[in-house]
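Quick look at structure_6.txt (compact mmCIF, C-alpha atoms):
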```
# COMPACT_ATOMS: atom_id res chain seq x y z
CA MET A 1 146.76 113.34 20.93
CA ASN A 2 145.01 111.06 18.46
CA LYS A 3 143.92 107.60 19.48
CA ILE A 4 145.81 104.70 17.90
CA ALA A 5 144.29 101.74 16.08
CA LEU A 6 146.22 98.62 15.09
CA ILE A 7 144.67 96.77 12.15
CA THR A 8 145.83 93.36 10.96
CA GLY A 9 145.43 92.20 7.38
CA ALA A 10 145.50 95.80 6.18
CA THR A 11 146.94 95.18 2.71
CA SER A 12 143.54 94.57 1.11
CA GLY A 13 139.81 94.31 1.61
CA ILE A 14 138.20 95.06 4.94
CA GLY A 15 141.51 95.78 6.67
CA GLN A 16 142.58 98.35 4.09
CA ALA A 17 139.16 100.05 4.12
CA THR A 18 139.19 100.14 7.92
CA ALA A 19 142.64 101.73 8.04
CA LEU A 20 141.49 104.48 5.68
CA LYS A 21 138.22 105.07 7.55
CA ALA A 22 140.05 105.13 10.89
CA ALA A 23 142.45 107.76 9.58
CA GLU A 24 139.51 109.84 8.36
CA ALA A 25 137.92 109.46 11.82
CA GLY A 26 140.98 110.98 13.50
CA TYR A 27 142.95 107.88 14.46
CA ASP A 28 146.64 107.34 13.92
CA VAL A 29 147.05 103.80 12.64
CA ILE A 30 149.38 100.85 12.80
CA ILE A 31 148.84 98.75 9.69
CA THR A 32 150.09 95.18 9.47
CA GLY A 33 150.31 92.58 6.73
CA ARG A 34 152.60 90.29 4.78
CA ARG A 35 152.90 92.39 1.60
CA ARG A 36 155.34 95.21 2.32
CA GLU A 37 154.81 97.06 -0.97
CA ARG A 38 151.06 97.26 -0.38
CA LEU A 39 151.60 98.43 3.20
CA GLU A 40 153.84 101.26 2.06
CA LYS A 41 151.39 102.32 -0.66
CA LEU A 42 148.54 102.37 1.87
CA ALA A 43 150.70 104.32 4.31
CA GLU A 44 151.21 107.05 1.70
CA THR A 45 147.45 107.37 1.25
CA ILE A 46 146.87 107.52 4.99
CA ARG A 47 149.47 110.27 5.41
CA SER A 48 147.74 112.25 2.68
CA LYS A 49 144.67 112.29 4.94
CA GLY A 50 146.69 113.94 7.71
CA ALA A 51 147.03 110.89 9.95
CA ASP A 52 150.22 109.37 11.31
CA VAL A 53 150.91 105.77 10.34
CA LEU A 54 153.28 102.97 11.24
CA THR A 55 153.74 99.88 9.05
CA LEU A 56 154.55 96.47 10.52
CA CYS A 57 155.29 93.71 8.03
CA PHE A 58 154.70 90.31 9.61
CA ASP A 59 152.71 87.12 9.22
CA VAL A 60 150.18 86.67 12.04
CA ARG A 61 150.88 82.92 11.89
CA GLN A 62 154.42 83.50 13.15
CA GLN A 63 154.19 84.11 16.88
CA THR A 64 157.79 85.27 17.29
CA GLU A 65 157.36 87.84 14.49
CA VAL A 66 154.17 89.16 16.05
CA GLN A 67 155.61 89.45 19.54
CA ALA A 68 158.83 91.08 18.34
CA ALA A 69 156.91 93.65 16.30
CA VAL A 70 154.76 94.66 19.28
CA ASP A 71 157.65 94.56 21.75
CA ASN A 72 159.63 96.94 19.52
CA LEU A 73 156.91 99.59 19.39
CA ALA A 74 158.30 102.88 20.64
CA GLY A 75 156.90 106.08 22.02
CA LYS A 76 153.22 106.76 21.44
CA TRP A 77 152.78 103.63 19.32
CA LYS A 78 152.67 101.49 22.46
CA ASN A 79 149.45 103.26 23.46
CA ILE A 80 147.14 101.15 21.32
CA ASP A 81 143.52 102.10 21.91
CA VAL A 82 141.90 99.81 19.33
CA LEU A 83 142.95 96.41 17.99
CA VAL A 84 141.13 95.18 14.90
CA ASN A 85 141.81 91.46 14.42
CA ASN A 86 140.92 91.34 10.75
CA ALA A 87 143.46 88.97 9.17
CA GLY A 88 141.71 85.79 8.06
CA LEU A 89 140.86 83.61 5.11
CA ALA A 90 139.02 80.57 3.77
CA VAL A 91 140.77 78.02 1.58
CA GLY A 92 138.96 75.27 -0.32
CA VAL A 93 135.43 73.89 -0.28
CA SER A 94 136.12 70.17 0.06
CA PRO A 95 133.91 67.96 2.22
CA ILE A 96 135.58 66.75 5.39
CA GLN A 97 136.51 63.33 3.99
CA GLU A 98 138.37 64.98 1.10
CA GLY A 99 139.83 67.86 3.03
CA VAL A 100 143.29 69.16 2.20
CA LEU A 101 145.38 69.21 5.37
CA ASP A 102 147.47 72.17 4.27
CA ASP A 103 144.28 74.18 3.73
CA TRP A 104 143.01 73.26 7.19
CA GLU A 105 146.27 74.25 8.85
CA ARG A 106 146.44 77.54 6.96
CA MET A 107 142.95 78.50 8.11
CA ILE A 108 143.48 77.42 11.72
CA ASP A 109 146.89 79.08 11.91
CA THR A 110 145.60 82.38 10.50
CA ASN A 111 142.03 82.66 11.77
CA VAL A 112 142.50 81.28 15.27
CA LYS A 113 146.15 81.12 16.26
CA GLY A 114 147.03 84.35 14.45
CA LEU A 115 144.24 86.20 16.21
CA LEU A 116 145.43 84.80 19.52
CA TYR A 117 149.07 85.69 18.90
CA VAL A 118 148.24 89.32 18.10
CA THR A 119 145.80 89.65 20.99
CA ARG A 120 148.29 88.09 23.42
CA ALA A 121 150.90 90.63 22.36
CA VAL A 122 148.64 93.71 22.42
CA ALA A 123 146.24 93.02 25.30
CA PRO A 124 148.83 93.51 28.08
CA LEU A 125 149.43 97.04 26.77
CA MET A 126 145.72 97.76 27.10
CA VAL A 127 145.54 96.16 30.53
CA ALA A 128 148.41 98.35 31.72
CA ARG A 129 146.50 101.45 30.59
CA GLN A 130 143.16 100.15 31.95
CA GLY A 131 141.29 100.63 28.70
CA GLY A 132 140.96 99.80 25.04
CA HIS A 133 138.78 98.11 22.46
CA ILE A 134 139.33 94.79 20.70
CA VAL A 135 137.35 94.17 17.51
CA ASN A 136 137.34 90.62 16.14
CA ILE A 137 136.21 90.09 12.56
CA ALA A 138 134.27 86.84 12.62
CA SER A 139 131.66 85.72 10.07
CA ILE A 140 128.14 84.41 9.67
CA ALA A 141 130.13 81.15 9.36
CA GLY A 142 130.81 81.56 13.08
CA LYS A 143 127.08 81.43 13.78
CA GLU A 144 126.00 78.69 11.34
CA VAL A 145 127.62 76.03 9.18
CA TYR A 146 127.14 75.31 5.50
CA PRO A 147 128.25 72.65 2.97
CA GLY A 148 131.94 72.85 2.19
CA GLY A 149 132.54 75.22 5.10
CA ASN A 150 133.59 72.66 7.73
CA VAL A 151 136.99 73.86 8.98
CA TYR A 152 136.47 77.50 8.01
CA CYS A 153 133.20 77.50 9.95
CA ALA A 154 134.99 75.88 12.88
CA THR A 155 137.62 78.62 12.93
CA LYS A 156 135.01 81.37 12.88
CA HIS A 157 133.00 79.63 15.60
CA ALA A 158 136.25 79.76 17.57
CA VAL A 159 136.52 83.52 16.95
CA ASP A 160 132.95 83.95 18.16
CA ALA A 161 133.73 81.99 21.33
CA LEU A 162 137.00 83.82 21.89
CA SER A 163 135.23 87.16 21.62
CA LYS A 164 132.88 86.12 24.42
CA ALA A 165 135.76 84.83 26.53
CA MET A 166 137.87 87.94 25.94
CA ARG A 167 134.95 90.13 26.95
CA THR A 168 134.82 88.31 30.29
CA ASP A 169 138.59 88.42 30.80
CA MET A 170 138.89 92.10 29.86
CA LEU A 171 135.86 93.33 31.79
CA ARG A 172 137.73 94.36 34.94
CA TYR A 173 140.20 96.38 32.86
CA ASN A 174 137.58 98.52 31.10
CA ILE A 175 138.44 96.96 27.73
CA LYS A 176 135.60 96.53 25.26
CA VAL A 177 135.36 93.52 22.93
CA THR A 178 133.21 93.59 19.80
CA ASN A 179 132.56 90.61 17.53
CA ILE A 180 131.54 91.50 13.96
CA ALA A 181 130.05 88.72 11.83
CA PRO A 182 129.58 89.70 8.17
CA GLY A 183 127.71 87.78 5.54
CA MET A 184 128.74 87.99 1.88
CA VAL A 185 131.37 90.68 1.32
CA GLU A 186 133.00 91.13 -2.07
CA THR A 187 136.73 91.04 -1.32
CA GLU A 188 139.66 88.79 -2.28
CA PHE A 189 138.02 86.23 0.04
CA SER A 190 136.39 84.05 -2.62
CA LEU A 191 139.36 84.28 -4.99
CA VAL A 192 141.57 82.91 -2.21
CA ARG A 193 138.98 80.29 -1.27
CA TYR A 194 138.81 79.04 -4.86
CA LYS A 195 142.59 79.20 -5.19
CA GLY A 196 142.69 81.77 -7.97
CA ASN A 197 139.70 80.49 -9.98
CA SER A 198 138.18 83.87 -10.82
CA GLU A 199 135.11 82.36 -12.51
CA ALA A 200 134.21 80.31 -9.45
CA ALA A 201 134.89 83.30 -7.19
CA ALA A 202 132.64 85.57 -9.26
CA GLY A 203 129.87 82.97 -9.09
CA VAL A 204 129.62 83.46 -5.33
CA TYR A 205 128.19 86.93 -5.87
CA LYS A 206 126.18 86.26 -9.03
CA GLY A 207 122.74 87.84 -8.90
CA VAL A 208 123.43 89.47 -5.53
CA THR A 209 124.53 92.89 -4.36
CA PRO A 210 127.00 91.87 -1.65
CA LEU A 211 128.38 93.97 1.16
CA THR A 212 131.45 96.06 0.39
CA ASN A 213 134.68 96.56 2.28
CA ASP A 214 133.46 100.05 3.19
CA ASP A 215 130.23 98.64 4.65
CA ILE A 216 132.21 96.62 7.17
CA ALA A 217 134.73 99.38 7.79
CA ASP A 218 131.89 101.82 8.51
CA THR A 219 130.46 99.32 11.00
CA ILE A 220 133.82 98.99 12.74
CA ILE A 221 134.23 102.76 12.99
CA PHE A 222 130.70 103.07 14.36
CA ALA A 223 131.47 100.46 17.03
CA ILE A 224 134.74 102.01 18.19
CA THR A 225 133.37 105.54 18.35
CA ARG A 226 130.51 104.82 20.75
CA PRO A 227 130.59 106.60 24.13
CA PRO A 228 132.80 105.02 26.83
CA HIS A 229 129.82 103.42 28.58
CA VAL A 230 128.56 101.69 25.40
CA CYS A 231 129.94 98.42 23.98
CA LEU A 232 128.44 96.73 20.93
CA ASN A 233 129.14 93.15 21.87
CA ASP A 234 128.07 91.28 18.75
CA ILE A 235 127.11 92.59 15.30
CA VAL A 236 125.76 90.41 12.48
CA ILE A 237 125.71 92.35 9.21
CA MET A 238 124.28 90.91 6.00
CA PRO A 239 123.43 92.07 2.50
CA THR A 240 119.70 92.52 2.09
CA ALA A 241 119.62 89.55 -0.29
CA GLN A 242 121.07 87.15 2.30
CA ALA A 243 118.99 85.75 5.16
CA ASN A 244 121.60 83.41 6.64
CA SER A 245 124.63 81.38 5.59
CA ARG A 246 122.66 79.35 3.01
CA ASP A 247 119.57 81.31 1.91
CA VAL A 248 120.36 83.94 -0.72
CA ASN A 249 117.92 85.67 -3.05
CA ARG A 250 119.70 85.67 -6.41
CA ILE A 251 118.19 87.71 -9.24
CA GLY A 252 118.77 86.74 -12.86
```
Encoded form (structure tokens):
Amino acid sequence: MNKIALITGATSGIGQATALKAAEAGYDVIITGRRRERLEKLAETIRSKGADVLTLCFDVRQQTEVQAAVDNLAGKWKNIDVLVNNAGLAVGVSPIQEGVLDDWERMIDTNVKGLLYVTRAVAPLMVARQGGHIVNIASIAGKEVYPGGNVYCATKHAVDALSKAMRTDMLRYNIKVTNIAPGMVETEFSLVRYKGNSEAAAGVYKGVTPLTNDDIADTIIFAITRPPHVCLNDIVIMPTAQANSRDVNRIG
């Protein structure tokens, strides 16, 4: 029987790439997201690769939706081997004194509370089976801060801390926890951050070859396919042109 991976935020970017790579690696997948049409389209592609797939349409910010979706899993789908907490976003670049409260709440609700809601629903299933692997998608912003990053950086620092805490809590149950902290990845991330301003979003990657969705997905697959006695606790992955959250070698 194939192992099962549940991936949040699977309708685009890193989540979508991870779902496809997991299917290719022999996993059956549960894909979640808010955009039902995209979920169904992705499910068709996954089935074409010979994997089984279940779609769950919910918003990670809504705890009752998350819990109901997991509680209603039937048959083999309850046997989740891997949870990839990928859903997350950045909104706005305002300094703290000009911050937009709605932006702050959206980031906190998605990046921190959403991750907690999904983990709280899934972790007991892993504990009952005495095994599993939780992968939290953090960010270099969870290791360092940068101008305009304030609340986003705070949420990703929280993810980093939660990964460490989960690893301690899950240790006795043989459940691995991996924290993955990417640098610049070209996804919808910057377009969302700049609220649809495509010119500003494109400027983030100007003169740089950023990481791709597949780069991060490959890293996730590598982490979850290590032998049972090996856990990659913390992975920082950057484009060659990026040294840290602020120093980037732009050409041209």
- Message: Between CA of Asn111 (chain A) and CA of Lys156 (chain A), what is the distance in Å, rounded to a tenth?
- Response: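 Computing the Euclidean distance for CA of Asn111 (chain A) and CA of Lys156 (chain A) yields 7.2 Å.
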- Item | Test item: which residues lie within 12 Å of (137.7, 69.2, 1.6) counting all atoms listed in the file, as a list in words |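 Protein and nucleic acid residues near the point are Ala90, Val91, Gly92, Val93, Ser94, Pro95, Ile96, Gln97, Glu98, Gly99, Val100, Leu101, Asp102, Asp103, Trp104, Pro147, Gly148, Gly149, Asn150, Val151, Tyr152, Arg193 and Tyr194 of chain A.
With distances restricted to all atoms listed in the file, A:Leu42 is the closest residue to Leu20 (chain A) from A:Leu115, A:Leu42, A:Ile4, A:Ala241.
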- Which one is closest to Val84 (chain A): A:Ala68, A:Ala5, A:Met170, A:Ala43? Count all atoms listed in the file.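 For Val84 (chain A), the nearest of the candidates is A:Ala5.
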- Task: Just the residues within 12 Å of Glu44 (chain A), please, counting all atoms listed in the file, with nothing from its chain fewer than 5 positions along; format it as a list of chain:residue names.
- Result: A:Ala19, A:Leu20, A:Ala23, A:Ile31, A:Glu37, A:Arg38, A:Leu39, A:Lys49, A:Gly50, A:Ala51, A:Asp52, A:Val53, A:Leu54, A:Thr55
- Query: For the atom pair CA of Ala154 (chain A) and CA of Val112 (chain A), what is the interatomic distance in Å to one decimal place?
  - Reply: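 It comes out at 9.6 Å.
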- Message: My list of candidates is A:Val192, A:Ala128, A:Met1, A:Met166. Which is closest to Gly88 (chain A) when distances are computed with all atoms listed in the file?
- Response: A:Val192
- Length of the CA of Ile175 (chain A) to CA of Leu6 (chain A) vector [Å]: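 Answer for the CA of Ile175 (chain A) to CA of Leu6 (chain A) separation: 14.9 Å.
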Considering all atoms listed in the file, give me a table of residues in region 145-244 of chain A that are at most 12 Å from region 117-123 of chain A, with the closest atom pair and distance in Å for each, as JSON lines.
```
{"residue": "A:Val159", "atom": "CA", "partner": "A:Thr119", "partner_atom": "CA", "distance": 11.8}
{"residue": "A:Leu162", "atom": "CA", "partner": "A:Thr119", "partner_atom": "CA", "distance": 10.6}
{"residue": "A:Ser163", "atom": "CA", "partner": "A:Thr119", "partner_atom": "CA", "distance": 10.9}
{"residue": "A:Met166", "atom": "CA", "partner": "A:Thr119", "partner_atom": "CA", "distance": 9.5}
{"residue": "A:Arg167", "atom": "CA", "partner": "A:Ala123", "partner_atom": "CA", "distance": 11.8}
{"residue": "A:Asp169", "atom": "CA", "partner": "A:Ala123", "partner_atom": "CA", "distance": 10.5}
{"residue": "A:Met170", "atom": "CA", "partner": "A:Ala123", "partner_atom": "CA", "distance": 8.7}
{"residue": "A:Tyr173", "atom": "CA", "partner": "A:Ala123", "partner_atom": "CA", "distance": 10.2}
{"residue": "A:Asn174", "atom": "CA", "partner": "A:Ala123", "partner_atom": "CA", "distance": 11.8}
{"residue": "A:Ile175", "atom": "CA", "partner": "A:Ala123", "partner_atom": "CA", "distance": 9.1}
{"residue": "A:Lys176", "atom": "CA", "partner": "A:Ala123", "partner_atom": "CA", "distance": 11.2}
{"residue": "A:Val177", "atom": "CA", "partner": "A:Ala123", "partner_atom": "CA", "distance": 11.1}
```
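Distances to Gln63 (chain A) were evaluated for A:Pro124, A:Gly114, A:Gly26, A:Gly75 using all atoms listed in the file, and the minimum falls at A:Gly114.
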- Query: From the list A:Thr225, A:Asn72, A:Asn244, A:Asn136, which residue is nearest Lys21 (chain A) when using only C-alpha atoms?
  - Reply: A:Thr225
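Each of A:Lys143, A:His157, A:Arg106, A:Lys164 was compared to Asn233 (chain A) using all atoms listed in the file, and A:Lys164 turns out to be the nearest.
Using all atoms listed in the file, the contacts of Asp71 (chain A) at a cut-off of 10 Å, with sequence neighbours closer than 4 positions omitted, comprise Glu65, Val66, Gln67, Lys78, Ala121, Val122 and Leu125 of chain A.
Taking all atoms listed in the file, the non-local environment of Ile237 (chain A) within 10 Å (same-chain residues fewer than 3 positions away omitted) comprises Ser139, Ile140, Ile180, Ala181, Pro182, Gly183, Met184, Val185, Leu211, Asp215, Ile216, Thr219, Asp234, Thr240 and Gln242 of chain A.
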Set out as a Markdown table a contact list for region 109-218 of chain A and region 11-15 of chain A with a cut-off of 10 Å, giving each residue of region 109-218 of chain A that qualifies its closest atom pair and distance in Å to one decimal, counting all atoms listed in the file, ordered by chain and rising residue number.
```
| residue | atom | partner | partner_atom | distance |
| --- | --- | --- | --- | --- |
| A:Ile137 | CA | A:Ile14 | CA | 9.3 |
| A:Val185 | CA | A:Ile14 | CA | 8.9 |
| A:Glu186 | CA | A:Gly13 | CA | 8.4 |
| A:Thr187 | CA | A:Gly13 | CA | 5.4 |
| A:Glu188 | CA | A:Gly13 | CA | 6.8 |
| A:Phe189 | CA | A:Gly13 | CA | 8.4 |
| A:Thr212 | CA | A:Ile14 | CA | 8.2 |
| A:Asn213 | CA | A:Ile14 | CA | 4.7 |
| A:Asp214 | CA | A:Ile14 | CA | 7.1 |
| A:Asp215 | CA | A:Ile14 | CA | 8.7 |
| A:Ile216 | CA | A:Ile14 | CA | 6.6 |
| A:Ala217 | CA | A:Ile14 | CA | 6.2 |
| A:Asp218 | CA | A:Ile14 | CA | 9.9 |
```
Those residues with C-alpha atoms, as a PDB file, in the frame of the given file please?
```pdb
ATOM      1  CA  ILE A 137     136.210  90.090  12.560  1.00  0.00           C
ATOM      2  CA  VAL A 185     131.370  90.680   1.320  1.00  0.00           C
ATOM      3  CA  GLU A 186     133.000  91.130  -2.070  1.00  0.00           C
ATOM      4  CA  THR A 187     136.730  91.040  -1.320  1.00  0.00           C
ATOM      5  CA  GLU A 188     139.660  88.790  -2.280  1.00  0.00           C
ATOM      6  CA  PHE A 189     138.020  86.230   0.040  1.00  0.00           C
ATOM      7  CA  THR A 212     131.450  96.060   0.390  1.00  0.00           C
ATOM      8  CA  ASN A 213     134.680  96.560   2.280  1.00  0.00           C
ATOM      9  CA  ASP A 214     133.460 100.050   3.190  1.00  0.00           C
ATOM     10  CA  ASP A 215     130.230  98.640   4.650  1.00  0.00           C
ATOM     11  CA  ILE A 216     132.210  96.620   7.170  1.00  0.00           C
ATOM     12  CA  ALA A 217     134.730  99.380   7.790  1.00  0.00           C
ATOM     13  CA  ASP A 218     131.890 101.820   8.510  1.00  0.00           C
TER      14      ASP A 218
END
```
